[in-house]
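Structure first, then comments.
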Amino acid sequence: MRTRAALVPLAVVLVAAPGVTAQASADWNGARVHALIERARELRQSTSVDSAFRSYRADAQGHVYFLIDRPDQPERTLVKADQVALEIFWQAPELTKQRIVGLRDEEVLPTDIRYHLDHLTVVQDDFGDRIRLGDGDEVEAVLHPVGPGSEALYDFLLADSLTIRYGESEQVRVYEVRVRPKDFARPGFIGNVYLDRATAAIVRMNFSFTPSSYVDPYLDYIRISLDNSLWMGRYWLPYRQEVELRREIPVLDVLAGSVIRGRFTIRGYDFNLALPASTFVGPRVSSVSPAQREAFVFDRGIFDDLAGERLAPSPTLEEVDEQVRELVEDEALSGLAQLRFYFSTLSDAARYNRAEGLFVGGGLSLRPRGTILVRTRAGYSFGRDRPSASVTLSGGTGRVIPSLSGYWDRLEDMGHHPGATPLENTISAASGEKDYLDPYFARGASLTLAGARAGGAAVTVRFEEHRNARDVVSDDATSEFRPVRSVHEGVLGELEVTVPAPLPRDGEARLTGTVGRLGERSFGTVRAEVGWDLRAPEQPWSAAVSAEGGLTSARAPAQMLYLMGGRWTLPGHDYRSFVGDRYWLARGEVTLPVRPPWVGVRLIGAVGSTYLGSRALPPDWDDGDSGGVRASIGAGLSIGWDAFRVDLARGLRGGGWEALFSVAPQFRAWL
């Protein structure tokens, strides 16, 4: 018999159905759930000897993306994209074969990454009785929750009864079984298994692993989601699969990780074919010739699986993370070491500026349990001959994650627009050119309540003391640095609320409002930003446009005012020469490739204004507002995958020429 079936889209809706609920079955390891697991185990063993189900062939296509991320930033940076096409074969009792028939890749940033074969293939048997990943280099021999003897290793909870609907009228009722290890110190599976109520077949698995499961010490986590689809009215076979692996340096917490994310769909099943014996000869995965792989015609683009997600974790894998964290309670999930050296930027180790002179420092990060994270930093300023320190405690499993920080003599920069990264500023200041900071120091504490995903809504309460900085590296008679501006000193109490919102065409908006009091000064501020990053990996050009504006109340302290001019605001005008309690600024840039990926041509422009009114500035501030609208226009080069920029800009209406060297925005947070 040869049967060809049309694939039906799977599992688009999950609906609670009458039956078992978590409340009605509050006890783990009940007789009913153990009986269900035993049925699932028996079915897996019997399928391989079912005389009505002898073989199949199917097609699969998928995308594999290699990215880098910073946990406190909302977006990831794409490094490399791969697209794979497979022919898949199975024959009773347990013969499997996969053949790579299409393969292409494209580098967005330079890399020499090479994937394990199972990152480029699919799982045909729900991982068998022992789960193995990365050819055993990542996970080795973790017992499957319906594998032989799983009751001795895992706890099971019959959590709910659901209905999975697919197509226009087809639906199937499933049991949701939650699985956790009895001993979290041993390698094990953590997650949910969805079993067909009629047959106990595996319909879906969402899961991760205990930290001791990870063979590779660089692994932070692995998250997996497998979906099966119903064929011939009784066989649940692979339909959609998604996996994400994240790595970091084992001994260093530098807020940098690499992510491999793969997503495959399996379709076009043919059943009970007479497969030649030669099909299964040789290794489990084979490949056609390079020319044949390159000639394969894919039905989607190589970057299409990123559309609409902006490189963020997919909703499916976020669901896996939420389900797993519900099961582990206070247990740690990361495979990384609990205690590591900590640097939030390269400049935490060493930096130079006119307010501190040479500063050296470092820190430690500790995960005592669960998601709780303690990060400490300390350093010494040789120019001030004083230490500084900070400690931050964060973590939680709810929708709102608290973060409590305490700090002593933390270096702050006023103006709302950084002029350079700390590393760029160190190079510039140490060479005697410019110090782009307008510094002051803060001592105190803050509490932030934010969503689990970075860049979301946040509420922050601060209670801190502000102190003036001074130039500790210059002889006042010969200094070429700008004078250090004074601030209004005193104890500050402040409430800040930040609310982001999506805009059409992948734009983003952000509104930030604060109310506070410093000494006898009560004040409020509001600032709004909108922006569109038109960079797309499949396009040879990129562009970005943004607009922002803000205002402060009449009694706001000087350090709350807006400073503009020069780098990253209005290039070609004197740096931070325009002051205002109100401002607006619009910027745009476009990059056109000349010899990709090495060189591109850039066009940049900016226009804006500050307004000061009758406000009195501190006596040592030799500045005023912009006196109307100011503008800048310029051109430059992007170098090396647009990682570095060299621009020459002209300030219009009273400005001059300015040369600027900078790194791409996605890399600045690490410097």
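Please note that chains go A, B, ... in the order of the structure tokens, that every chain numbers its residues from 1, and that ligands are numbered from 1 in the order shown.
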Shell of 6 Å around stretch 314-321 of chain A, only C-alpha atoms, local chain residues under 2 positions omitted, as a ChimeraX atom specification: /A:206,323-324
Stretch 383-393 of chain A surroundings by only C-alpha atoms, 6 Å radius, close-in-sequence under 3 positions cut, as a PyMOL selection string: chain A and resi 356-357+373-380+403-409+472
With C-alpha atoms kept, could you save the residues just selected as a PDB file, in the first residue's frame?
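Final file, out34.pdb:
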```
ATOM      1  CA  GLU A 356      38.498  59.923  37.950  1.00  0.00           C
ATOM      2  CA  GLY A 357      41.860  59.792  36.234  1.00  0.00           C
ATOM      3  CA  LEU A 373      21.439  36.873  40.776  1.00  0.00           C
ATOM      4  CA  VAL A 374      23.855  38.985  42.814  1.00  0.00           C
ATOM      5  CA  ARG A 375      26.324  41.190  40.951  1.00  0.00           C
ATOM      6  CA  THR A 376      28.998  43.209  42.720  1.00  0.00           C
ATOM      7  CA  ARG A 377      31.485  45.729  41.365  1.00  0.00           C
ATOM      8  CA  ALA A 378      34.302  47.627  43.024  1.00  0.00           C
ATOM      9  CA  GLY A 379      37.094  49.826  41.794  1.00  0.00           C
ATOM     10  CA  TYR A 380      39.595  52.516  42.646  1.00  0.00           C
ATOM     11  CA  SER A 403      16.106  44.584  40.900  1.00  0.00           C
ATOM     12  CA  LEU A 404      17.582  46.277  43.981  1.00  0.00           C
ATOM     13  CA  SER A 405      20.861  48.201  43.702  1.00  0.00           C
ATOM     14  CA  GLY A 406      23.096  50.023  46.133  1.00  0.00           C
ATOM     15  CA  TYR A 407      26.051  52.135  44.984  1.00  0.00           C
ATOM     16  CA  TRP A 408      28.770  54.373  46.355  1.00  0.00           C
ATOM     17  CA  ASP A 409      30.356  57.122  44.224  1.00  0.00           C
ATOM     18  CA  VAL A 472      41.584  65.649  38.827  1.00  0.00           C
TER      19      VAL A 472
END
```
Taking 3 positions as the minimum chain separation for residues in the same chain, which residues sit within 10 Å of stretch 294-296 of chain A when counting only C-alpha atoms? Answer as a PDB file with N, CA and C atoms, in the first residue's frame.
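Output (around25.pdb):
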```
ATOM      1  N   VAL A  84      18.273  24.793   5.467  1.00  0.00           N
ATOM      2  CA  VAL A  84      18.529  23.377   5.228  1.00  0.00           C
ATOM      3  C   VAL A  84      17.279  22.724   4.655  1.00  0.00           C
ATOM      4  N   ALA A  85      17.472  21.812   3.705  1.00  0.00           N
ATOM      5  CA  ALA A  85      16.397  20.960   3.195  1.00  0.00           C
ATOM      6  C   ALA A  85      16.822  19.508   3.366  1.00  0.00           C
ATOM      7  N   VAL A 101      19.662  17.621   1.260  1.00  0.00           N
ATOM      8  CA  VAL A 101      19.554  17.826  -0.184  1.00  0.00           C
ATOM      9  C   VAL A 101      19.648  19.307  -0.569  1.00  0.00           C
ATOM     10  N   GLY A 102      19.557  20.184   0.421  1.00  0.00           N
ATOM     11  CA  GLY A 102      19.702  21.620   0.162  1.00  0.00           C
ATOM     12  C   GLY A 102      20.376  22.286   1.340  1.00  0.00           C
ATOM     13  N   LEU A 103      21.322  23.178   1.074  1.00  0.00           N
ATOM     14  CA  LEU A 103      22.023  23.859   2.160  1.00  0.00           C
ATOM     15  C   LEU A 103      22.636  25.144   1.626  1.00  0.00           C
ATOM     16  N   ARG A 104      22.320  26.242   2.292  1.00  0.00           N
ATOM     17  CA  ARG A 104      22.942  27.518   1.946  1.00  0.00           C
ATOM     18  C   ARG A 104      23.104  28.333   3.224  1.00  0.00           C
ATOM     19  N   ASP A 105      24.060  29.246   3.208  1.00  0.00           N
ATOM     20  CA  ASP A 105      24.298  30.075   4.388  1.00  0.00           C
ATOM     21  C   ASP A 105      24.728  31.464   3.948  1.00  0.00           C
ATOM     22  N   VAL A 288      23.896  15.040  -0.311  1.00  0.00           N
ATOM     23  CA  VAL A 288      24.173  15.039  -1.743  1.00  0.00           C
ATOM     24  C   VAL A 288      25.406  15.895  -1.994  1.00  0.00           C
ATOM     25  N   SER A 289      25.832  16.008  -3.228  1.00  0.00           N
ATOM     26  CA  SER A 289      27.045  16.752  -3.559  1.00  0.00           C
ATOM     27  C   SER A 289      26.858  18.246  -3.289  1.00  0.00           C
ATOM     28  N   PRO A 290      27.959  18.977  -3.065  1.00  0.00           N
ATOM     29  CA  PRO A 290      27.833  20.425  -2.836  1.00  0.00           C
ATOM     30  C   PRO A 290      27.079  21.143  -3.948  1.00  0.00           C
ATOM     31  N   ALA A 291      27.302  20.747  -5.188  1.00  0.00           N
ATOM     32  CA  ALA A 291      26.608  21.403  -6.301  1.00  0.00           C
ATOM     33  C   ALA A 291      25.104  21.168  -6.220  1.00  0.00           C
ATOM     34  N   ASP A 299      11.555  27.130  -0.794  1.00  0.00           N
ATOM     35  CA  ASP A 299      10.281  27.830  -0.968  1.00  0.00           C
ATOM     36  C   ASP A 299      10.171  29.062  -0.073  1.00  0.00           C
TER      37      ASP A 299
END
```
For A:Arg267, the nearest of the candidates A:Ala669, A:Ala643, A:Val491, A:Ala60, counting only C-alpha atoms: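 Of the candidates, the smallest distance to A:Arg267 is held by A:Ala60.
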Members of stretch 445-516 of chain A assigned strand (DSSP E) by DSSP, as a ChimeraX atom specification: /A:445-451,458-468,490-503,507-516
Selection: 6 Å around stretch 582-598 of chain A, only C-alpha atoms, excl. self and same-chain fewer than 6 positions, as number ranges by chain: A: 541-551, 604-611, 639-641
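Each of A:Arg300, A:Arg325, A:Arg132, A:Arg70 was checked against A:Val215 using only C-alpha atoms; the smallest atom-to-atom distance is that of A:Arg132.
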Residue contacts of A:Ser553 (10 Å, only C-alpha atoms) excluding same-chain residues fewer than 3 positions away, as a list in words: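 Final neighbour list, sorted by chain and number: Val515, Ser522, Phe523, Gly524, Thr525, Val526, Ala556, Pro557, Met560, Leu561, Asp581 and Arg582 of chain A.
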Atom CA of A:Tyr235 to atom CA of A:Asp155, distance in Å rounded to a single decimal: 26.9 Å
Among listed residues A:Arg186, A:Arg369, A:Arg178, A:His119, nearest A:Trp28 (using only C-alpha atoms):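 Ranking A:Arg186, A:Arg369, A:Arg178, A:His119 by distance to A:Trp28, first place goes to A:Arg178.
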Considering only C-alpha atoms, give me a table of residues in stretch 479-588 of chain A that are at most 7 Å from stretch 617-632 of chain A, with the closest atom pair and distance in Å for each, as a tab-separated table.
```
residue	atom	partner	partner_atom	distance
A:Arg485	CA	A:Trp621	CA	6.3
A:Ser486	CA	A:Asp620	CA	7.0
A:Leu570	CA	A:Ser632	CA	5.7
A:Pro571	CA	A:Ser632	CA	6.0
A:Gly572	CA	A:Ser632	CA	6.5
A:Ser577	CA	A:Asp623	CA	5.9
A:Phe578	CA	A:Asp625	CA	4.7
A:Val579	CA	A:Asp625	CA	4.8
A:Gly580	CA	A:Asp625	CA	5.6
```
Could you take the residues named above and write them with C-alpha atoms, as a PDB file, in the first residue's frame?
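Contents of part-v3.pdb, as written:
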```pdb
ATOM      1  CA  ARG A 485      30.079  71.547  35.054  1.00  0.00           C
ATOM      2  CA  SER A 486      28.744  71.860  38.565  1.00  0.00           C
ATOM      3  CA  LEU A 570      24.193  67.640  16.084  1.00  0.00           C
ATOM      4  CA  PRO A 571      27.686  66.858  14.736  1.00  0.00           C
ATOM      5  CA  GLY A 572      29.656  69.838  13.509  1.00  0.00           C
ATOM      6  CA  SER A 577      27.144  73.701  23.750  1.00  0.00           C
ATOM      7  CA  PHE A 578      23.326  73.890  23.614  1.00  0.00           C
ATOM      8  CA  VAL A 579      21.394  73.620  26.902  1.00  0.00           C
ATOM      9  CA  GLY A 580      17.653  73.475  27.383  1.00  0.00           C
TER      10      GLY A 580
END
```
Closest of A:Phe341, A:Trp90, A:Tyr562, A:Phe209 to A:Arg576 - atom-to-atom distances counting only C-alpha atoms: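 Closest to A:Arg576, using only C-alpha atoms: A:Tyr562.
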Nearest to A:Ala430 by atom-to-atom distance, counting only C-alpha atoms, from A:Arg354, A:Arg234, A:Arg555, A:Arg284: A:Arg354
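The set of residues in stretch 356-471 of chain A assigned to helix (DSSP H, G or I) by DSSP, using only backbone atoms of this structure, is Pro422, Leu423, Glu424, Asn425, Thr426, Ile427, Ser428, Ala429 and Ala430 of chain A.
We find atom CA of A:Asp112 and atom CA of A:Val259 to be spaced 14.3 Å apart.
Take the candidates A:Ala92, A:Leu449, A:Leu275, A:Leu437 and check each one against A:Tyr352 using only C-alpha atoms; the shortest distance goes to A:Leu437.
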Neighbour list for A:Leu503 as a list of chain:residue names, cut-off 9 Å, only C-alpha atoms, skip fewer than 2 positions in-chain: A:Ala501, A:Arg505, A:Asp506, A:Gly507, A:Glu508, A:Ala509, A:Val530, A:Gly531, A:Trp532
Near-A:Leu43 list (12 Å; only C-alpha atoms; drop same-chain fewer than 5 positions) as number ranges by chain: A: 36-38, 48-50, 146-147, 195-196, 198-202, 234-236
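Here atom CA of A:Glu322 stands at a distance of 21.4 Å from atom CA of A:Asp126.
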